[in-house]
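**Student:** Input file: model07.csv. Contents: CSV, C-alpha atoms.
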```csv
chain,number,residue,atom,x,y,z
A,1,MET,CA,89.7,106.0,123.8
A,2,HIS,CA,86.7,104.1,125.1
A,3,GLU,CA,88.5,101.9,127.7
A,4,LEU,CA,86.7,103.8,130.5
A,5,SER,CA,83.3,102.8,129.0
A,6,ILE,CA,84.6,99.3,128.7
A,7,ALA,CA,85.9,99.3,132.3
A,8,HIS,CA,82.5,100.5,133.6
A,9,SER,CA,80.7,97.8,131.5
A,10,LEU,CA,83.1,95.3,133.0
A,11,VAL,CA,82.2,96.3,136.6
A,12,GLU,CA,78.5,96.2,135.7
A,13,THR,CA,78.7,92.7,134.2
A,14,VAL,CA,80.6,91.4,137.3
A,15,GLU,CA,78.0,93.1,139.6
A,16,ASP,CA,75.2,91.5,137.6
A,17,ALA,CA,76.8,88.0,137.8
A,18,LEU,CA,77.3,88.4,141.6
A,19,SER,CA,73.9,89.9,142.3
A,20,ASP,CA,72.9,86.8,144.4
A,21,LYS,CA,76.0,87.1,146.5
A,22,PRO,CA,75.8,90.6,148.0
A,23,ASP,CA,78.5,90.0,150.6
A,24,VAL,CA,81.4,88.8,148.5
A,25,LYS,CA,84.3,91.0,147.6
A,26,VAL,CA,86.1,90.7,144.3
A,27,THR,CA,89.9,90.4,144.5
A,28,ALA,CA,90.7,89.6,140.9
A,29,VAL,CA,89.0,89.6,137.5
A,30,TYR,CA,90.3,87.3,134.7
A,31,LEU,CA,89.7,88.7,131.3
A,32,ARG,CA,90.3,87.3,127.8
A,33,LEU,CA,91.2,90.1,125.4
A,34,GLY,CA,91.5,89.5,121.7
A,35,VAL,CA,94.2,91.1,119.7
A,36,LEU,CA,91.5,92.5,117.4
A,37,SER,CA,89.1,93.5,120.1
A,38,GLY,CA,89.8,97.2,119.6
A,39,VAL,CA,90.6,97.5,123.3
A,40,GLU,CA,94.1,98.5,124.5
A,41,ALA,CA,95.3,96.5,127.5
A,42,ASP,CA,97.3,99.2,129.2
A,43,SER,CA,94.5,101.8,128.9
A,44,LEU,CA,92.0,99.2,130.3
A,45,LEU,CA,94.3,98.5,133.3
A,46,PHE,CA,94.5,102.2,134.0
A,47,CYS,CA,90.7,102.7,133.6
A,48,PHE,CA,89.9,99.6,135.6
A,49,ASP,CA,91.3,101.2,138.8
A,50,ILE,CA,89.1,104.3,138.2
A,51,ALA,CA,85.9,102.4,137.4
A,52,THR,CA,86.2,100.0,140.4
A,53,GLY,CA,86.9,102.9,142.8
A,54,ASP,CA,83.9,102.7,145.2
A,55,THR,CA,82.6,99.3,144.2
A,56,ARG,CA,83.2,95.9,145.7
A,57,LEU,CA,85.9,95.4,143.0
A,58,ALA,CA,88.0,98.2,144.6
A,59,GLY,CA,91.6,97.2,144.8
A,60,ALA,CA,91.0,94.1,142.6
A,61,LYS,CA,93.6,92.9,140.2
A,62,LEU,CA,92.7,92.8,136.5
A,63,VAL,CA,94.5,89.8,134.9
A,64,ILE,CA,94.4,90.1,131.1
A,65,GLU,CA,95.0,87.0,129.0
A,66,PRO,CA,95.8,88.1,125.4
A,67,VAL,CA,93.9,86.1,122.8
A,68,PRO,CA,95.6,85.8,119.4
A,69,ALA,CA,93.6,85.8,116.2
A,70,ARG,CA,92.4,82.4,115.0
A,71,ALA,CA,91.2,81.4,111.5
A,72,TYR,CA,90.8,78.3,109.4
A,73,CYS,CA,93.2,78.0,106.5
A,74,SER,CA,91.5,76.0,103.7
A,75,ALA,CA,94.9,75.6,101.9
A,76,CYS,CA,96.6,73.6,104.7
A,77,GLY,CA,93.4,72.6,106.5
A,78,ARG,CA,94.4,73.8,109.9
A,79,ASP,CA,93.3,76.4,112.5
A,80,VAL,CA,96.1,78.9,112.5
A,81,SER,CA,96.9,82.3,114.1
A,82,PRO,CA,97.3,85.0,111.6
A,83,ALA,CA,99.0,88.2,112.8
A,84,ALA,CA,99.6,91.9,111.9
A,85,PRO,CA,99.6,93.1,109.3
A,86,HIS,CA,98.4,90.1,107.3
A,87,TRP,CA,95.3,89.1,109.1
A,88,SER,CA,94.1,86.9,106.2
A,89,ARG,CA,97.4,85.2,105.5
A,90,CYS,CA,98.1,81.7,106.9
A,91,PRO,CA,101.4,82.0,108.9
A,92,GLU,CA,102.1,78.3,108.2
A,93,CYS,CA,101.6,78.0,104.4
A,94,GLY,CA,100.9,81.5,103.1
A,95,GLY,CA,97.4,80.6,102.0
A,96,THR,CA,94.4,82.8,102.5
A,97,CYS,CA,92.4,82.3,105.7
A,98,GLY,CA,88.7,82.8,106.2
A,99,LYS,CA,86.8,84.8,108.7
A,100,LEU,CA,88.4,84.9,112.2
A,101,SER,CA,87.1,82.4,114.8
A,102,ALA,CA,88.8,84.2,117.6
A,103,GLY,CA,90.7,87.4,118.3
A,104,ARG,CA,87.8,89.8,118.9
A,105,ASP,CA,87.3,88.4,122.4
A,106,LEU,CA,86.3,90.7,125.3
A,107,GLN,CA,85.2,88.2,127.8
A,108,ILE,CA,85.2,87.9,131.6
A,109,GLU,CA,86.3,84.3,132.3
A,110,SER,CA,86.2,84.3,136.1
A,111,VAL,CA,86.5,86.3,139.2
A,112,GLU,CA,88.4,85.6,142.4
A,113,VAL,CA,86.2,86.4,145.4
A,114,LEU,CA,86.4,86.5,149.2
A,115,ASP,CA,83.2,85.3,150.7
A,116,PRO,CA,82.8,86.2,154.4
A,117,ASN,CA,79.9,83.7,154.8
A,118,GLU,CA,82.0,80.9,153.5
A,119,GLU,CA,84.6,81.5,156.2
A,120,THR,CA,82.2,80.6,159.0
A,121,ILE,CA,81.3,77.4,157.3
A,122,ASP,CA,85.0,76.5,156.6
A,123,GLU,CA,86.1,77.3,160.1
A,124,ALA,CA,83.2,75.6,161.9
A,125,PRO,CA,84.7,72.1,161.9
A,126,LEU,CA,88.0,73.4,163.3
A,127,ALA,CA,86.4,75.1,166.3
B,1,MET,CA,89.3,83.9,154.5
B,2,LYS,CA,90.4,82.0,151.5
B,3,PRO,CA,89.8,83.5,148.0
B,4,ARG,CA,87.9,81.3,145.6
B,5,LEU,CA,87.4,81.4,141.9
B,6,LEU,CA,84.0,81.8,140.4
B,7,GLU,CA,83.4,81.1,136.7
B,8,ILE,CA,81.6,84.0,134.9
B,9,ARG,CA,82.1,83.5,131.2
B,10,LYS,CA,80.3,86.6,130.1
B,11,GLY,CA,81.1,89.2,127.5
B,12,VAL,CA,82.1,92.5,129.0
B,13,LEU,CA,79.6,94.2,126.8
B,14,GLU,CA,76.9,91.6,127.4
B,15,LYS,CA,74.3,94.3,128.2
B,16,ASN,CA,74.9,96.2,125.0
B,17,ASP,CA,75.0,92.9,123.0
B,18,LEU,CA,71.6,91.7,124.4
B,19,LEU,CA,70.1,95.1,123.7
B,20,ALA,CA,71.5,95.1,120.2
B,21,GLU,CA,70.1,91.6,119.6
B,22,ARG,CA,66.7,92.8,120.8
B,23,LEU,CA,66.9,95.7,118.4
B,24,ARG,CA,67.8,93.4,115.6
B,25,SER,CA,64.8,91.2,116.3
B,26,ARG,CA,62.5,94.3,116.2
B,27,PHE,CA,64.0,95.5,112.9
B,28,HIS,CA,63.6,92.1,111.3
B,29,ALA,CA,60.0,91.7,112.6
B,30,ALA,CA,59.2,95.1,110.9
B,31,GLY,CA,61.2,94.3,107.7
B,32,VAL,CA,63.8,96.9,108.4
B,33,TYR,CA,67.4,96.4,107.2
B,34,ALA,CA,69.8,98.3,109.5
B,35,LEU,CA,73.3,99.6,108.7
B,36,ASN,CA,76.0,101.0,110.9
B,37,TRP,CA,78.3,103.4,109.1
B,38,VAL,CA,81.8,103.7,110.6
B,39,SER,CA,84.9,105.6,109.5
B,40,SER,CA,87.4,108.2,110.5
B,41,PRO,CA,86.2,111.8,110.6
B,42,GLY,CA,86.2,113.4,107.2
B,43,THR,CA,85.8,110.3,105.1
B,44,GLY,CA,82.5,111.7,103.7
B,45,LYS,CA,80.1,109.5,105.6
B,46,THR,CA,77.4,112.2,105.6
B,47,ALA,CA,77.9,113.2,102.0
B,48,LEU,CA,77.6,109.6,100.8
B,49,LEU,CA,74.7,108.9,103.1
B,50,GLU,CA,72.9,111.9,101.7
B,51,ALA,CA,73.4,110.6,98.2
B,52,THR,CA,72.3,107.1,99.3
B,53,LEU,CA,69.2,108.4,101.0
B,54,ARG,CA,68.3,110.5,97.9
B,55,ARG,CA,68.8,107.6,95.5
B,56,MET,CA,66.7,105.2,97.7
B,57,ARG,CA,63.9,107.7,98.0
B,58,GLU,CA,63.8,108.2,94.2
B,59,ARG,CA,63.3,104.4,94.0
B,60,GLY,CA,60.4,104.6,96.4
B,61,LEU,CA,62.2,103.0,99.3
B,62,ARG,CA,61.4,104.1,102.8
B,63,VAL,CA,64.5,105.2,104.6
B,64,ALA,CA,65.4,107.0,107.8
B,65,ALA,CA,68.7,107.9,109.5
B,66,LEU,CA,70.1,108.3,113.0
B,67,VAL,CA,73.3,110.2,113.0
B,68,GLY,CA,75.9,110.4,115.8
B,69,ASP,CA,78.1,113.3,116.5
B,70,VAL,CA,80.1,114.4,119.5
B,71,ALA,CA,78.9,118.0,119.6
B,72,THR,CA,76.8,119.4,116.8
B,73,GLU,CA,73.6,118.8,114.8
B,74,ASN,CA,75.1,119.8,111.5
B,75,ASP,CA,75.0,116.3,110.0
B,76,ALA,CA,71.3,115.9,110.7
B,77,ASN,CA,70.6,119.2,109.0
B,78,ARG,CA,72.6,118.1,106.0
B,79,LEU,CA,70.9,114.7,105.7
B,80,ALA,CA,67.4,116.2,106.2
B,81,ARG,CA,67.9,117.9,102.8
B,82,SER,CA,67.3,114.4,101.3
B,83,GLY,CA,63.8,114.6,102.5
B,84,ALA,CA,64.2,111.5,104.7
B,85,PRO,CA,63.4,111.5,108.4
B,86,VAL,CA,66.6,112.1,110.3
B,87,ARG,CA,67.4,112.3,114.0
B,88,GLN,CA,70.7,113.6,115.5
B,89,ILE,CA,72.3,111.8,118.4
B,90,VAL,CA,74.7,114.2,120.2
B,91,THR,CA,76.9,112.0,122.3
B,92,GLY,CA,78.2,114.9,124.5
B,93,GLY,CA,81.9,113.8,124.2
B,94,ASN,CA,81.3,110.0,123.8
B,95,CYS,CA,83.5,108.6,121.0
B,96,HIS,CA,81.0,106.0,119.8
B,97,LEU,CA,77.3,105.0,119.7
B,98,GLU,CA,75.9,102.3,122.0
B,99,ALA,CA,72.8,100.2,121.5
B,100,ASP,CA,70.9,101.9,124.3
B,101,MET,CA,71.3,105.3,122.5
B,102,ILE,CA,69.8,103.7,119.3
B,103,GLU,CA,66.8,102.4,121.3
B,104,SER,CA,66.1,105.7,123.2
B,105,HIS,CA,66.5,107.8,120.1
B,106,LEU,CA,64.2,105.6,118.0
B,107,THR,CA,61.6,105.9,120.7
B,108,ALA,CA,62.1,109.7,120.9
B,109,ALA,CA,61.9,110.0,117.1
B,110,GLY,CA,58.5,108.3,117.2
B,111,TRP,CA,59.1,106.4,114.0
B,112,ASP,CA,57.0,103.4,113.3
B,113,LEU,CA,59.5,100.7,112.1
B,114,ASN,CA,56.7,99.2,110.0
B,115,ASP,CA,56.9,102.3,107.8
B,116,LEU,CA,60.6,101.8,107.1
B,117,ASP,CA,62.6,99.6,104.7
B,118,PHE,CA,66.1,100.8,105.7
B,119,LEU,CA,67.5,102.4,108.9
B,120,PHE,CA,70.9,104.1,108.5
B,121,ILE,CA,73.0,104.7,111.6
B,122,GLU,CA,75.9,107.0,111.1
B,123,ASN,CA,78.4,106.4,113.9
B,124,VAL,CA,80.7,109.0,115.4
B,125,GLY,CA,83.8,109.5,113.2
B,126,ASN,CA,86.3,107.3,114.9
B,127,LEU,CA,88.4,104.3,113.7
B,128,VAL,CA,88.8,102.5,117.0
B,129,CYS,CA,86.0,102.7,119.6
B,130,PRO,CA,82.9,101.9,117.5
B,131,SER,CA,84.3,98.5,116.6
B,132,SER,CA,83.3,97.0,120.0
B,133,TYR,CA,79.7,98.0,120.0
B,134,ASP,CA,76.9,96.1,118.2
B,135,LEU,CA,74.0,98.5,117.4
B,136,GLY,CA,71.7,95.8,116.1
B,137,GLU,CA,72.7,96.4,112.5
B,138,ASP,CA,72.6,93.8,109.7
B,139,LEU,CA,75.5,95.4,107.9
B,140,ARG,CA,78.5,97.2,109.3
B,141,VAL,CA,79.9,99.5,106.6
B,142,VAL,CA,83.3,101.0,106.8
B,143,LEU,CA,84.3,104.0,104.7
B,144,LEU,CA,87.8,104.7,103.4
B,145,SER,CA,88.4,107.9,101.4
B,146,VAL,CA,91.0,108.1,98.6
B,147,THR,CA,92.6,111.0,100.5
B,148,GLU,CA,93.4,109.0,103.6
B,149,GLY,CA,96.2,106.7,102.8
B,150,GLU,CA,95.9,103.2,101.4
B,151,ASP,CA,97.2,101.5,104.5
B,152,LYS,CA,94.5,102.8,106.9
B,153,PRO,CA,93.0,99.3,107.2
B,154,LEU,CA,96.3,97.9,108.4
B,155,LYS,CA,96.6,100.7,111.0
B,156,TYR,CA,93.1,100.1,112.3
B,157,PRO,CA,92.5,96.4,111.8
B,158,SER,CA,89.9,96.0,114.6
B,159,LEU,CA,87.4,98.2,112.9
B,160,PHE,CA,88.0,97.1,109.4
B,161,ASN,CA,88.0,93.5,110.5
B,162,SER,CA,84.6,93.9,112.1
B,163,SER,CA,83.0,95.4,109.0
B,164,ASP,CA,81.0,93.6,106.3
B,165,VAL,CA,81.4,96.0,103.5
B,166,ALA,CA,83.8,98.7,102.6
B,167,LEU,CA,83.0,101.9,100.6
B,168,ILE,CA,85.9,103.7,99.1
B,169,THR,CA,84.8,107.3,98.9
B,170,LYS,CA,85.7,110.5,97.0
B,171,ILE,CA,86.8,108.3,94.0
B,172,ASP,CA,86.5,111.5,91.9
B,173,LEU,CA,89.6,112.7,93.6
B,174,ALA,CA,91.6,109.5,93.0
B,175,GLU,CA,93.8,110.9,90.3
B,176,ALA,CA,94.5,114.2,91.9
B,177,VAL,CA,95.8,112.5,95.1
B,178,GLU,CA,97.5,109.7,93.3
B,179,PHE,CA,95.4,107.1,95.0
B,180,ASP,CA,96.9,103.6,94.7
B,181,ARG,CA,93.8,101.5,94.1
B,182,ALA,CA,95.6,98.2,94.1
B,183,ALA,CA,97.3,98.9,97.4
B,184,ALA,CA,94.1,100.0,99.1
B,185,LEU,CA,92.3,96.9,97.9
B,186,ALA,CA,95.2,94.7,99.1
B,187,SER,CA,95.1,96.4,102.6
B,188,LEU,CA,91.4,95.7,102.9
B,189,GLU,CA,91.8,92.1,101.8
B,190,ALA,CA,94.7,91.6,104.3
B,191,VAL,CA,92.5,92.8,107.2
B,192,ARG,CA,89.2,91.2,106.2
B,193,PRO,CA,89.4,88.6,103.5
B,194,GLY,CA,86.5,88.6,101.1
B,195,LEU,CA,85.3,92.0,102.2
B,196,ARG,CA,82.9,93.4,99.5
B,197,VAL,CA,84.2,96.8,98.2
B,198,PHE,CA,82.3,99.5,96.4
B,199,GLU,CA,84.0,102.5,94.9
B,200,THR,CA,81.9,105.6,95.2
B,201,SER,CA,81.7,109.4,94.7
B,202,ALA,CA,79.0,111.4,96.4
B,203,LYS,CA,79.9,114.3,94.2
B,204,THR,CA,79.5,112.6,90.8
B,205,GLY,CA,77.1,109.9,92.0
B,206,SER,CA,79.5,107.2,90.6
B,207,GLY,CA,79.0,103.8,92.2
B,208,VAL,CA,76.0,104.9,94.2
B,209,ALA,CA,73.5,103.0,92.0
B,210,ALA,CA,75.4,99.7,92.4
B,211,TRP,CA,75.7,100.2,96.1
B,212,VAL,CA,71.9,100.8,96.4
B,213,ASP,CA,71.2,97.8,94.3
B,214,PHE,CA,73.4,95.7,96.6
B,215,LEU,CA,71.5,96.9,99.7
B,216,VAL,CA,68.1,96.2,98.1
B,217,GLU,CA,69.3,92.6,97.3
B,218,GLN,CA,70.7,92.2,100.9
B,219,ARG,CA,67.4,93.3,102.4
B,220,ALA,CA,65.4,90.9,100.1
B,221,SER,CA,67.6,88.0,101.1
B,222,LEU,CA,66.9,88.7,104.7
B,223,ARG,CA,63.2,88.5,104.3
B,224,PRO,CA,61.6,85.4,105.9
B,225,GLN,CA,61.0,82.5,103.5
B,226,GLY,CA,57.5,81.8,102.1
```
Starting from the file, lay out its structure as structure tokens.
**Tutor:**
Amino acid sequence: MHELSIAHSLVETVEDALSDKPDVKVTAVYLRLGVLSGVEADSLLFCFDIATGDTRLAGAKLVIEPVPARAYCSACGRDVSPAAPHWSRCPECGGTCGKLSAGRDLQIESVEVLDPNEETIDEAPLA
Amino acid sequence: MKPRLLEIRKGVLEKNDLLAERLRSRFHAAGVYALNWVSSPGTGKTALLEATLRRMRERGLRVAALVGDVATENDANRLARSGAPVRQIVTGGNCHLEADMIESHLTAAGWDLNDLDFLFIENVGNLVCPSSYDLGEDLRVVLLSVTEGEDKPLKYPSLFNSSDVALITKIDLAEAVEFDRAAALASLEAVRPGLRVFETSAKTGSGVAAWVDFLVEQRASLRPQG
């Protein structure tokens, strides 16, 4: 069980990415999670709430997009999505696939933020 | 206040990955070939590593090992019998090694990388967690013992899929435990097509010479051209 370590790294990476925006609060994190990443979605969701506790991500929603495995099948010449338990077998033609091109993903795509400074700018023309 | 979306596009483990990349550059600059050994507890990582270190030292190769364990220094004491420099990393409960532990323990060990040909990193015995963490290695080696069950790779696909080489260990026990060799090889192939497999016994030394030859070749092919 290393999802707590992963959750802390996730917070750290978001903090680093927002280091030039000290005032914004994070309300959601969008994550791509590969089926072969070695990270379990439910555990990560549980640990995310703990890891974000007293940070500006507190209360944020973690939205996990599962990413299937992808590999090239030289037999049918297509990019296909092999699945458990035959990670090297083409689901289309039964041929043997090469190394995975996706499925190990553990990537933060985007974050949803509330920016108090932006509010002033947005509302200025209305006043 | 309206929420807005900011694109990040960064790996969750970016910090670890950058550090691992930096370690890899340092290793290559010094001509060091680094390996990360992963497996479940009890596969015989330490026994086979000891046999590997001995064999390499007999061949005049300069080797060192960092060995991770949750709570004890027993493994380092065992490996030190090979005569190679060894340093224990006690993780204090952590189920895997991370790149910053490798960096800090290399510094604390005081080894000059220029004096080494191979650096062996023995990860904590765990078939899940180490798969996410790059340690700057050139080769990730997964071990599977004949006593474990031939479908282990299918049960833990992430770790086996992330590995470059598989070592089947305790091959001397194969007959006694009715090890189904073909089924084990098929499981490995299903999870990681083309995975190179060596069948070894730390006890009899079987397969160790071929494994060491392979590593020497791998290191030679890494060397900068010209």
**Student:** State, in Å with one decimal place, the distance from atom CA of Ala51 of chain A to atom CA of Ser162 of chain B.
**Tutor:** 26.7 Å
**Student:** Give me, as a VMD selection string, all polymer residues having an atom no more than 12 Å from Met56 of chain B, counting only C-alpha atoms and skipping those fewer than 4 positions away in the same chain.
**Tutor:** chain B and resid 49 to 52 60 to 64 82 to 84 116 to 120 208 to 216
**Student:** Identify, on the basis of all atoms listed in the file, every residue whose closest approach to segment 71-75 of chain A does not exceed 10 Å; exclude the query and any residue fewer than 5 positions from it along the same chain; express the result as a list in words.
**Tutor:**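 Everything that qualifies: Val80, Ser81, Pro82, Trp87, Ser88, Arg89, Cys90, Pro91, Glu92, Cys93, Gly94, Gly95, Thr96, Cys97, Gly98, Lys99, Leu100, Ser101, Ala102 and Gly103 of chain A.
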**Student:** Given a cut-off of 6 Å, which residues of chain A touch chain B, counting all atoms listed in the file, written out as a list of chain:residue names?
**Tutor:**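 My answer is A:His2, A:Leu10, A:Leu36, A:Gly38, A:Pro85, A:His86, A:Trp87, A:Ser88, A:Leu106, A:Gln107, A:Ile108, A:Glu109, A:Ser110, A:Val111, A:Glu112, A:Val113, A:Leu114, A:Glu119.
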**Student:** Could those selected residues go to a file with C-alpha atoms, as a short mmCIF file (atom, residue, chain, number, x, y, z; two decimals), in the coordinates of the input?
**Tutor:**
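Everything below was put into result_18.cif:
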```cif
data_model
loop_
_atom_site.label_atom_id
_atom_site.label_comp_id
_atom_site.auth_asym_id
_atom_site.auth_seq_id
_atom_site.Cartn_x
_atom_site.Cartn_y
_atom_site.Cartn_z
CA HIS A 2 86.70 104.10 125.10
CA LEU A 10 83.10 95.30 133.00
CA LEU A 36 91.50 92.50 117.40
CA GLY A 38 89.80 97.20 119.60
CA PRO A 85 99.60 93.10 109.30
CA HIS A 86 98.40 90.10 107.30
CA TRP A 87 95.30 89.10 109.10
CA SER A 88 94.10 86.90 106.20
CA LEU A 106 86.30 90.70 125.30
CA GLN A 107 85.20 88.20 127.80
CA ILE A 108 85.20 87.90 131.60
CA GLU A 109 86.30 84.30 132.30
CA SER A 110 86.20 84.30 136.10
CA VAL A 111 86.50 86.30 139.20
CA GLU A 112 88.40 85.60 142.40
CA VAL A 113 86.20 86.40 145.40
CA LEU A 114 86.40 86.50 149.20
CA GLU A 119 84.60 81.50 156.20
#
```
**Student:** Env of segment 169-185 of chain B: 7 Å cut, atoms = all atoms listed in the file, seq-sep filter 2 positions within chain, self excluded. Answer as a ChimeraX atom specification.
**Tutor:** /B:43-44,143-147,150-151,167,187-189,199-202
**Student:** Using atom CA of Ala58 of chain A and atom CA of Lys25 of chain A as the two end points, give the distance in Å to one decimal.
**Tutor:**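 One can read the atom CA of Ala58 of chain A to atom CA of Lys25 of chain A distance as 8.6 Å.
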**Student:** Determine, counting all atoms listed in the file, which protein, DNA and RNA residues have an atom within 8 Å of an atom of Val63 of chain A; residues of the same chain fewer than 5 positions away are not included. Present the result as a PyMOL selection string.
**Tutor:** chain A and resi 28-31
**Student:** Within 12 Å of Leu57 of chain A, counting all atoms listed in the file, which residues show up once you throw out same-chain ones fewer than 3 positions away? Write them as a PyMOL selection string, please.
**Tutor:** chain A and resi 7-8+10-15+18+23-29+48-54+60-62+111-114
**Student:** Here is a test: counting only C-alpha atoms, which residue of A:Pro116, A:Gly34, A:Pro22, A:Gly77 is nearest to Glu65 of chain A?
**Tutor:** A:Gly34
**Student:** Counting only C-alpha atoms, find the residues whose atoms lie at most 12 Å from (70.1, 87.8, 103.9) (file coordinates) and write them out as a VMD selection string.
**Tutor:** chain B and resid 28 31 to 34 138 to 139 214 to 225
**Student:** Can those selected residues be exported to a file as a JSON list (two decimals), keeping the file's coordinate frame so that it contains C-alpha atoms?
**Tutor:**
```json
[["chain", "number", "residue", "atom", "x", "y", "z"],
["B", 28, "HIS", "CA", 63.60, 92.10, 111.30],
["B", 31, "GLY", "CA", 61.20, 94.30, 107.70],
["B", 32, "VAL", "CA", 63.80, 96.90, 108.40],
["B", 33, "TYR", "CA", 67.40, 96.40, 107.20],
["B", 34, "ALA", "CA", 69.80, 98.30, 109.50],
["B", 138, "ASP", "CA", 72.60, 93.80, 109.70],
["B", 139, "LEU", "CA", 75.50, 95.40, 107.90],
["B", 214, "PHE", "CA", 73.40, 95.70, 96.60],
["B", 215, "LEU", "CA", 71.50, 96.90, 99.70],
["B", 216, "VAL", "CA", 68.10, 96.20, 98.10],
["B", 217, "GLU", "CA", 69.30, 92.60, 97.30],
["B", 218, "GLN", "CA", 70.70, 92.20, 100.90],
["B", 219, "ARG", "CA", 67.40, 93.30, 102.40],
["B", 220, "ALA", "CA", 65.40, 90.90, 100.10],
["B", 221, "SER", "CA", 67.60, 88.00, 101.10],
["B", 222, "LEU", "CA", 66.90, 88.70, 104.70],
["B", 223, "ARG", "CA", 63.20, 88.50, 104.30],
["B", 224, "PRO", "CA", 61.60, 85.40, 105.90],
["B", 225, "GLN", "CA", 61.00, 82.50, 103.50]]
```
**Student:** Which of these, A:Asn117, A:Arg70, A:Ile64, A:Cys76, has the shortest distance to Arg32 of chain A once you count all atoms listed in the file?
**Tutor:** A:Ile64
